[in-house]
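Dumped data_32.csv below, it's CSV, C-alpha atoms and all ligand atoms:
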```csv
chain,number,residue,atom,x,y,z
A,1,MET,CA,283.7,146.9,-37.0
A,2,ASP,CA,281.5,147.6,-39.9
A,3,ALA,CA,279.0,145.2,-41.5
A,4,VAL,CA,281.4,144.1,-44.3
A,5,GLN,CA,284.1,143.1,-41.8
A,6,VAL,CA,281.7,141.2,-39.5
A,7,LEU,CA,280.1,139.3,-42.4
A,8,SER,CA,283.3,138.4,-44.1
A,9,GLU,CA,284.7,137.2,-40.8
A,10,ASN,CA,281.6,135.0,-40.2
A,11,GLY,CA,281.8,133.7,-43.8
A,12,ARG,CA,285.4,132.6,-43.1
A,13,HIS,CA,284.4,131.0,-39.8
A,14,PHE,CA,281.6,129.0,-41.4
A,15,LEU,CA,283.8,127.9,-44.3
A,16,ARG,CA,286.5,126.7,-41.9
A,17,SER,CA,283.9,124.8,-39.9
A,18,THR,CA,282.8,123.2,-43.2
A,19,LEU,CA,286.3,122.1,-43.9
A,20,GLU,CA,286.7,120.5,-40.4
A,21,GLU,CA,283.4,118.6,-40.7
A,22,ILE,CA,284.3,117.3,-44.2
A,23,HIS,CA,287.5,115.8,-42.9
A,24,LYS,CA,285.6,113.8,-40.1
A,25,ASP,CA,283.3,112.2,-42.7
A,26,SER,CA,280.7,110.7,-40.3
A,27,PRO,CA,276.9,110.9,-40.7
A,28,THR,CA,276.7,113.8,-38.1
A,29,SER,CA,279.6,115.7,-39.5
A,30,ASN,CA,278.3,115.4,-43.1
A,31,ARG,CA,275.0,116.9,-42.0
A,32,ASN,CA,276.9,119.7,-40.1
A,33,ALA,CA,278.9,120.4,-43.2
A,34,VAL,CA,275.7,121.1,-45.1
A,35,ILE,CA,274.5,123.5,-42.5
A,36,TYR,CA,277.9,125.3,-42.3
A,37,VAL,CA,278.4,125.6,-46.0
A,38,ALA,CA,274.9,127.0,-46.5
A,39,ALA,CA,275.6,129.6,-43.7
A,40,ALA,CA,278.9,130.4,-45.3
A,41,LEU,CA,277.2,131.0,-48.7
A,42,GLU,CA,274.5,133.1,-47.2
A,43,VAL,CA,277.0,135.3,-45.4
A,44,LEU,CA,279.4,135.6,-48.3
A,45,LEU,CA,276.6,136.7,-50.7
A,46,LYS,CA,275.6,139.2,-48.0
A,47,THR,CA,279.1,140.5,-47.8
A,48,ARG,CA,279.0,141.5,-51.4
A,49,LEU,CA,275.7,143.3,-50.8
A,50,ALA,CA,277.1,145.1,-47.8
A,51,ILE,CA,280.1,146.3,-49.8
A,52,GLU,CA,277.6,148.0,-52.2
A,53,HIS,CA,275.4,149.4,-49.4
A,54,TRP,CA,274.3,148.3,-45.9
A,55,THR,CA,270.6,148.9,-46.6
A,56,LEU,CA,270.7,146.0,-49.1
A,57,LEU,CA,271.0,143.6,-46.2
A,58,PHE,CA,267.4,144.5,-45.1
A,59,ASP,CA,264.5,142.5,-46.5
A,60,ASP,CA,263.0,145.9,-47.5
A,61,PRO,CA,265.9,148.4,-48.1
A,62,ALA,CA,263.4,151.3,-48.0
A,63,LYS,CA,262.8,150.6,-44.3
A,64,ALA,CA,266.4,150.2,-43.4
A,65,LYS,CA,267.6,151.8,-40.2
A,66,ILE,CA,271.2,152.1,-39.1
A,67,ALA,CA,270.3,151.6,-35.5
A,68,GLU,CA,268.7,148.3,-36.3
A,69,LEU,CA,271.7,147.2,-38.3
A,70,LYS,CA,274.0,148.0,-35.4
A,71,SER,CA,271.8,146.0,-32.9
A,72,GLY,CA,271.4,143.2,-35.4
A,73,ASP,CA,267.7,143.2,-34.7
A,74,PHE,CA,266.1,143.5,-38.1
A,75,ILE,CA,264.5,141.3,-40.8
A,76,SER,CA,267.3,140.6,-43.3
A,77,VAL,CA,267.0,139.6,-46.9
A,78,GLN,CA,266.1,135.9,-47.2
A,79,ALA,CA,268.8,133.5,-48.3
A,80,SER,CA,266.8,132.4,-51.4
A,81,LYS,CA,266.5,136.0,-52.6
A,82,LEU,CA,270.2,136.9,-52.3
A,83,VAL,CA,271.4,135.8,-55.8
A,84,SER,CA,268.5,137.6,-57.6
A,85,ARG,CA,269.2,140.7,-55.6
A,86,LEU,CA,272.9,140.6,-56.5
A,87,ASN,CA,272.1,139.9,-60.2
A,88,ASN,CA,269.5,142.7,-60.4
A,89,ILE,CA,271.3,145.4,-58.5
A,90,LEU,CA,274.9,144.7,-59.3
A,91,ALA,CA,274.4,143.2,-62.7
A,92,LEU,CA,276.2,140.0,-61.7
A,93,ASP,CA,275.7,136.8,-63.6
A,94,LEU,CA,275.3,134.3,-60.8
A,95,LYS,CA,273.4,131.0,-61.3
A,96,PRO,CA,270.7,130.8,-58.6
A,97,GLU,CA,270.5,127.0,-58.8
A,98,ALA,CA,273.9,126.5,-57.2
A,99,SER,CA,273.0,128.3,-54.0
A,100,ASP,CA,269.3,127.5,-54.0
A,101,LYS,CA,270.1,123.8,-53.9
A,102,ILE,CA,272.3,124.1,-50.8
A,103,PHE,CA,269.7,126.4,-49.0
A,104,ARG,CA,266.9,123.8,-49.7
A,105,LEU,CA,269.2,121.0,-48.5
A,106,ARG,CA,269.9,122.9,-45.3
A,107,ASN,CA,266.2,123.0,-44.6
A,108,ARG,CA,265.9,119.3,-45.3
A,109,VAL,CA,268.8,118.4,-43.0
A,110,VAL,CA,267.6,120.6,-40.2
A,111,HIS,CA,263.9,119.6,-40.3
A,112,TYR,CA,263.6,116.3,-42.1
A,113,ALA,CA,265.5,113.1,-42.9
A,114,PRO,CA,268.7,113.9,-44.8
A,115,PRO,CA,269.9,112.0,-47.9
A,116,SER,CA,272.8,109.6,-47.6
A,117,GLY,CA,276.3,110.6,-46.7
A,118,LEU,CA,277.8,110.6,-50.1
A,119,ALA,CA,274.9,112.6,-51.6
A,120,LEU,CA,275.4,115.2,-48.9
A,121,ARG,CA,279.2,115.4,-49.5
A,122,VAL,CA,278.6,115.9,-53.2
A,123,GLU,CA,276.3,118.8,-52.5
A,124,VAL,CA,278.8,120.3,-50.0
A,125,ALA,CA,281.4,120.1,-52.7
A,126,LEU,CA,279.2,122.1,-55.1
A,127,GLY,CA,278.4,124.6,-52.4
A,128,MET,CA,282.2,125.0,-51.6
A,129,ASN,CA,282.9,125.3,-55.3
A,130,PHE,CA,280.4,128.1,-55.6
A,131,ALA,CA,281.9,129.8,-52.5
A,132,LEU,CA,285.4,129.5,-53.8
A,133,GLN,CA,284.6,131.0,-57.2
A,134,PHE,CA,282.5,133.8,-55.6
A,135,ILE,CA,285.3,134.8,-53.3
A,136,HIS,CA,287.7,134.9,-56.2
A,137,ASP,CA,285.5,136.7,-58.6
A,138,HIS,CA,283.5,139.1,-56.5
A,139,LEU,CA,285.0,139.6,-53.1
A,140,LEU,CA,288.8,139.5,-53.4
A,141,PRO,CA,289.0,142.3,-55.9
A,142,LEU,CA,286.9,144.6,-53.6
A,143,LEU,CA,288.1,144.0,-50.1
A,144,ASP,CA,290.8,146.0,-48.2
A,145,SER,CA,294.2,144.4,-47.7
A,146,GLU,CA,293.6,142.8,-44.3
A,147,GLU,CA,290.3,141.1,-45.2
A,148,HIS,CA,291.9,140.3,-48.6
A,149,ALA,CA,294.8,138.4,-47.0
A,150,GLU,CA,292.5,136.4,-44.7
A,151,LEU,CA,290.2,135.4,-47.5
A,152,ARG,CA,293.1,134.5,-49.8
A,153,THR,CA,294.5,132.1,-47.2
A,154,LEU,CA,291.0,130.6,-46.8
A,155,LYS,CA,290.7,130.2,-50.6
A,156,GLU,CA,293.9,128.3,-50.6
A,157,GLU,CA,292.6,126.0,-47.8
A,158,ILE,CA,289.5,125.3,-49.8
A,159,SER,CA,291.5,124.5,-53.0
A,160,LYS,CA,293.5,122.1,-50.9
A,161,VAL,CA,290.4,120.2,-49.8
A,162,PHE,CA,289.4,120.0,-53.5
A,163,LEU,CA,292.7,118.4,-54.2
A,164,ASP,CA,292.8,116.1,-51.2
A,165,LEU,CA,289.4,114.6,-51.5
A,166,ASP,CA,288.6,112.8,-54.7
A,167,GLU,CA,284.9,113.3,-54.7
A,168,PHE,CA,285.4,117.1,-54.2
A,169,ARG,CA,288.0,117.1,-57.0
A,170,THR,CA,285.8,115.3,-59.4
A,171,LYS,CA,282.8,117.6,-58.7
A,172,ARG,CA,284.9,120.7,-59.2
A,173,LEU,CA,286.4,119.4,-62.5
A,174,LEU,CA,282.9,118.7,-63.7
A,175,THR,CA,281.7,122.2,-63.1
A,176,LEU,CA,284.7,123.5,-65.1
A,177,GLU,CA,284.1,121.4,-68.2
A,178,GLY,CA,282.0,124.0,-70.0
A,179,GLU,CA,284.5,126.8,-69.5
A,180,LEU,CA,287.5,124.7,-70.3
A,181,ARG,CA,285.9,123.9,-73.7
A,182,THR,CA,286.0,127.6,-74.6
A,183,HIS,CA,289.8,127.8,-74.3
A,184,SER,CA,292.2,126.7,-77.0
A,185,THR,CA,295.4,126.3,-75.0
A,186,ILE,CA,295.1,124.2,-71.8
A,187,VAL,CA,298.2,122.7,-70.0
A,188,GLU,CA,298.9,121.0,-66.7
A,189,CYS,CA,299.0,123.4,-63.8
A,190,PRO,CA,302.3,123.5,-62.0
A,191,ASP,CA,300.6,124.3,-58.8
A,192,CYS,CA,297.7,121.8,-58.5
A,193,SER,CA,298.7,119.3,-61.3
A,194,GLN,CA,295.2,119.4,-62.9
A,195,HIS,CA,294.8,119.8,-66.6
A,196,THR,CA,293.1,123.2,-66.1
A,197,LEU,CA,295.7,125.9,-66.7
A,198,VAL,CA,294.6,128.1,-69.5
A,199,ILE,CA,297.1,130.4,-71.3
A,200,THR,CA,295.0,133.5,-71.9
A,201,GLY,CA,297.3,134.9,-74.6
A,202,ASP,CA,296.6,138.5,-73.6
A,203,GLY,CA,300.1,139.0,-72.2
A,204,ASN,CA,299.0,138.3,-68.7
A,205,GLY,CA,300.3,134.8,-68.5
A,206,GLY,CA,297.9,132.1,-67.4
A,207,VAL,CA,295.2,131.2,-64.9
A,208,CYS,CA,294.3,127.8,-63.5
A,209,LEU,CA,290.6,127.3,-63.5
A,210,PHE,CA,290.9,124.7,-60.8
A,211,CYS,CA,293.1,126.3,-58.1
A,212,LEU,CA,292.5,129.8,-59.4
A,213,THR,CA,296.2,130.7,-59.3
A,214,GLU,CA,297.1,133.5,-61.7
A,215,THR,CA,300.7,133.7,-62.8
A,216,GLU,CA,302.5,136.1,-65.0
A,217,GLY,CA,304.0,134.6,-68.2
A,218,GLU,CA,307.8,134.4,-67.5
A,219,GLU,CA,307.3,133.1,-63.9
A,220,LEU,CA,304.7,130.6,-65.1
A,221,ALA,CA,307.2,129.3,-67.7
A,222,GLN,CA,309.8,128.8,-64.9
A,223,ARG,CA,307.3,126.9,-62.7
A,224,TYR,CA,306.1,124.8,-65.6
A,225,LYS,CA,309.7,123.9,-66.4
A,226,VAL,CA,310.4,122.8,-62.9
A,227,ASN,CA,307.1,121.3,-61.7
A,228,VAL,CA,305.6,119.8,-64.9
A,229,LEU,CA,308.6,119.1,-67.1
A,230,GLN,CA,310.6,118.3,-64.0
A,231,TRP,CA,313.6,120.1,-65.3
A,232,GLY,CA,316.2,120.3,-62.5
A,233,TRP,CA,319.8,120.7,-61.6
A,234,ARG,CA,320.7,117.3,-63.1
A,235,ASP,CA,319.6,118.5,-66.5
A,236,GLU,CA,321.5,121.6,-66.0
A,237,ALA,CA,324.6,119.7,-65.0
A,238,ARG,CA,324.2,117.4,-68.0
A,239,GLY,CA,324.2,120.5,-70.2
A,240,SER,CA,320.8,119.7,-71.6
A,241,ASP,CA,319.1,122.5,-73.5
A,242,ASN,CA,317.1,124.8,-71.3
A,243,PRO,CA,313.5,124.4,-72.4
A,244,ILE,CA,312.8,128.1,-71.9
A,245,HIS,CA,313.6,130.4,-74.8
A,246,GLU,CA,313.0,134.0,-75.8
A,247,CYS,CA,309.7,134.1,-77.6
A,248,PHE,CA,310.1,135.2,-81.2
A,249,GLU,CA,306.6,136.6,-81.2
A,250,CYS,CA,306.6,138.8,-78.1
A,251,GLY,CA,310.2,138.8,-76.9
A,252,ALA,CA,309.4,137.5,-73.4
A,253,LEU,CA,311.5,134.7,-71.8
A,254,SER,CA,308.6,132.3,-71.7
A,255,LEU,CA,308.6,130.2,-74.9
A,256,VAL,CA,308.7,126.6,-73.6
A,257,ALA,CA,310.0,123.8,-75.8
A,258,GLY,CA,308.4,120.5,-75.0
A,259,ILE,CA,305.1,122.1,-73.8
A,260,ARG,CA,302.2,119.6,-73.6
A,261,VAL,CA,299.0,121.2,-74.7
A,262,ILE,CA,296.2,118.9,-73.5
A,263,ASN,CA,293.7,119.7,-76.2
A,264,ARG,CA,296.2,120.0,-79.1
A,265,PRO,CA,298.7,117.2,-78.8
A,266,LYS,CA,300.7,118.2,-81.9
A,267,ILE,CA,301.9,121.4,-80.3
A,268,ALA,CA,305.6,121.3,-79.3
A,269,TYR,CA,306.4,125.0,-78.4
A,270,GLY,CA,304.3,127.5,-76.6
A,271,CYS,CA,304.7,130.9,-75.1
A,272,PHE,CA,303.2,131.5,-71.7
A,273,SER,CA,303.1,135.2,-72.2
A,274,CYS,CA,301.6,135.9,-75.6
A,275,GLY,CA,299.9,132.4,-76.0
A,276,GLU,CA,301.4,131.7,-79.4
A,277,VAL,CA,301.9,127.9,-80.0
A,278,PHE,CA,303.8,126.1,-82.7
A,279,ASP,CA,304.1,122.5,-83.8
A,280,ASP,CA,307.5,120.9,-84.3
A,281,ALA,CA,307.8,121.7,-88.0
A,282,ALA,CA,307.0,125.4,-87.5
A,283,VAL,CA,310.1,126.0,-85.4
A,284,ASP,CA,313.8,125.9,-86.4
A,285,LEU,CA,317.2,126.8,-85.1
A,286,CYS,CA,319.1,129.8,-86.5
A,287,ASP,CA,322.0,128.6,-88.5
A,288,ARG,CA,324.3,131.3,-87.1
A,289,CYS,CA,323.5,131.6,-83.4
A,290,GLY,CA,321.3,128.6,-82.6
A,291,ALA,CA,318.4,130.6,-81.3
A,292,LEU,CA,314.8,129.4,-82.0
A,293,LYS,CA,313.1,131.0,-84.9
A,294,VAL,CA,310.1,130.5,-87.2
A,295,ALA,CA,311.0,127.7,-89.7
A,296,ASP,CA,311.7,129.2,-93.2
A,297,ASP,CA,313.7,127.3,-95.9
A,298,GLU,CA,314.6,130.6,-97.6
A,299,ASP,CA,315.7,132.4,-94.5
A,300,THR,CA,317.8,130.3,-92.1
A,301,LEU,CA,319.0,133.2,-89.8
A,302,CYS,CA,317.1,134.8,-86.9
A,303,PRO,CA,316.1,138.5,-87.0
A,304,ASP,CA,318.8,139.3,-84.4
A,305,CYS,CA,321.5,137.8,-86.6
A,306,TRP,CA,320.3,139.7,-89.6
A,307,SER,CA,320.3,143.0,-87.8
A,308,SER,CA,323.8,142.5,-86.5
A,309,ILE,CA,325.1,141.5,-90.0
A,310,LEU,CA,323.4,144.2,-92.0
A,311,PRO,CA,324.4,147.9,-91.6
A,312,SER,CA,321.7,149.7,-89.7
A,313,GLY,CA,318.9,151.1,-91.8
A,314,GLN,CA,318.8,148.1,-94.0
A,315,SER,CA,316.8,145.0,-93.6
B,401,ZN,ZN,296.0,124.9,-60.6
B,402,ZN,ZN,305.3,135.2,-76.7
B,403,ZN,ZN,320.6,133.9,-84.9
```
Here is the file; what I need is its structure written in the form of structure tokens.
Ligand SMILES: [Zn+2]
Ligand SMILES: [Zn+2]
Ligand SMILES: [Zn+2]
Amino acid sequence: MDAVQVLSENGRHFLRSTLEEIHKDSPTSNRNAVIYVAAALEVLLKTRLAIEHWTLLFDDPAKAKIAELKSGDFISVQASKLVSRLNNILALDLKPEASDKIFRLRNRVVHYAPPSGLALRVEVALGMNFALQFIHDHLLPLLDSEEHAELRTLKEEISKVFLDLDEFRTKRLLTLEGELRTHSTIVECPDCSQHTLVITGDGNGGVCLFCLTETEGEELAQRYKVNVLQWGWRDEARGSDNPIHECFECGALSLVAGIRVINRPKIAYGCFSCGEVFDDAAVDLCDRCGALKVADDEDTLCPDCWSSILPSGQS
């Protein structure tokens, strides 16, 4: 096994142990959770360094020896230096505060009197939050398929803890506030029910900032219809209008009628593929075929109808 595999496996082990301790919620288990999440963070950050080059795991890469790496008997880079090494060498943009705080807290828990249970759990939540985002942004895109599958499963387990435990959910939502403000189209996520799904509008569908699920536009429209609008077979049987239409901007089958955009309440239609949104008055039905079209008093037919009426070559 190479260094990357060993580190990523240890990272998974420590994160799973963190999850177990969190669920027990006793003074001892909360302290253990801090120690485990700090170990997990340290190892995950090192995994990224090892992907780049094994010598970066040494405190002084100039003195790195492969034999020492194999025996595990060497002075490795200190936890507190990991983020700056990653930022400097790989031009990442990680915030050192997030991991520093948990590394300092680990020292306090190990050597001195720890803070109260709730304070510990809040810090563990922030550490897990950092780990989740780091795995998603910096490890998953680089790992081979087996490691990738293992980490993906773990990522889903962590997301579930965030959903299950209110203090964890609140902490994660708080850390997302700034980024959410930079997006113009936010809707409820059909996977985790948080108001954190952003429609990117670049044709790639949407991504939920909370559970980190990325879904292509047409599939996302389907999931939104079923899970958020709760459109089911009863509506189908009743002959209600299917809320999903062909988008008149991009042509994808992902324009949803009755979409609820959290930060723009007037919006009534939105496309999960191209990200175009419309209020009620901006959309009309074609007089001839009943398809949705851009509202226009002068022109009451949709482009498809025009092209089937007019001889080709004219428009
Ligand atoms: Zn979600
Ligand atoms: Zn569209
Ligand atoms: Zn028409």
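Going from CA of Pro115 (chain A) to CA of Arg31 (chain A) covers 9.2 Å.
The gap separating CA of Leu209 (chain A) from CA of Leu197 (chain A) is 6.2 Å, in Å to one decimal.
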Exercise. Can you pull out every residue within 8 Å of region 145-161 of chain A, counting only C-alpha atoms, but drop anything in the same chain fewer than 6 positions away, and send it as a list of chain:residue names?
Key: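 Returned residues: A:Gln5, A:Ser8, A:Arg12, A:Arg16, A:Leu19, A:Met128, A:Leu132, A:Ile135, A:His136, A:Phe168, A:Phe210, A:Cys211.
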Quiz prompt | Env. residues ligand ZN 402 (chain B) / 6 Å / all atoms listed in the file / as a list of chain:residue names | solution =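 For ligand ZN 402 (chain B), the residues inside 6 Å are A:Cys247, A:Glu249, A:Cys250, A:Ala252, A:Cys271, A:Ser273, A:Cys274, A:Glu276.
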Using all atoms listed in the file, what are the residues with an atom within 9 Å of ligand ZN 401 (chain B), set out as an mmCIF file with C-alpha atoms, keeping the file's coordinate frame?
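Here's the written file pocket-v3.cif:
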```cif
data_model
loop_
_atom_site.group_PDB
_atom_site.id
_atom_site.type_symbol
_atom_site.label_atom_id
_atom_site.label_comp_id
_atom_site.auth_asym_id
_atom_site.auth_seq_id
_atom_site.Cartn_x
_atom_site.Cartn_y
_atom_site.Cartn_z
ATOM 1 C CA SER A 159 291.500 124.500 -53.000
ATOM 2 C CA GLU A 188 298.900 121.000 -66.700
ATOM 3 C CA CYS A 189 299.000 123.400 -63.800
ATOM 4 C CA PRO A 190 302.300 123.500 -62.000
ATOM 5 C CA ASP A 191 300.600 124.300 -58.800
ATOM 6 C CA CYS A 192 297.700 121.800 -58.500
ATOM 7 C CA SER A 193 298.700 119.300 -61.300
ATOM 8 C CA GLN A 194 295.200 119.400 -62.900
ATOM 9 C CA HIS A 195 294.800 119.800 -66.600
ATOM 10 C CA THR A 196 293.100 123.200 -66.100
ATOM 11 C CA LEU A 197 295.700 125.900 -66.700
ATOM 12 C CA VAL A 207 295.200 131.200 -64.900
ATOM 13 C CA CYS A 208 294.300 127.800 -63.500
ATOM 14 C CA LEU A 209 290.600 127.300 -63.500
ATOM 15 C CA PHE A 210 290.900 124.700 -60.800
ATOM 16 C CA CYS A 211 293.100 126.300 -58.100
ATOM 17 C CA LEU A 212 292.500 129.800 -59.400
ATOM 18 C CA THR A 213 296.200 130.700 -59.300
ATOM 19 C CA GLU A 214 297.100 133.500 -61.700
#
```
Which residues of chain A come within 10 Å of ligand ZN 403 (chain B), and what is each one's closest atom pair and distance in Å (one decimal), counting all atoms listed in the file, sorted by chain and residue number, as a tab-separated table?
```
residue	atom	partner	partner_atom	distance
A:Leu285	CA	B:ZN403	ZN	7.9
A:Cys286	CA	B:ZN403	ZN	4.6
A:Asp287	CA	B:ZN403	ZN	6.6
A:Arg288	CA	B:ZN403	ZN	5.0
A:Cys289	CA	B:ZN403	ZN	4.0
A:Gly290	CA	B:ZN403	ZN	5.8
A:Ala291	CA	B:ZN403	ZN	5.4
A:Leu292	CA	B:ZN403	ZN	7.9
A:Lys293	CA	B:ZN403	ZN	8.0
A:Thr300	CA	B:ZN403	ZN	8.5
A:Leu301	CA	B:ZN403	ZN	5.2
A:Cys302	CA	B:ZN403	ZN	4.1
A:Pro303	CA	B:ZN403	ZN	6.8
A:Asp304	CA	B:ZN403	ZN	5.7
A:Cys305	CA	B:ZN403	ZN	4.3
A:Trp306	CA	B:ZN403	ZN	7.5
A:Ser307	CA	B:ZN403	ZN	9.6
A:Ser308	CA	B:ZN403	ZN	9.3
```
Practice problem: Give me, please, the distance in Å between CA of Ile199 (chain A) and CA of Gly217 (chain A), quoted to one decimal. | Solution: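 That distance, rounded to one decimal, is 8.7 Å.
The shortest atom-to-atom distance to Glu20 (chain A), with all atoms listed in the file taken into account, belongs to A:Val34 out of A:Ala64, A:Leu7, A:Val34, A:Val187.
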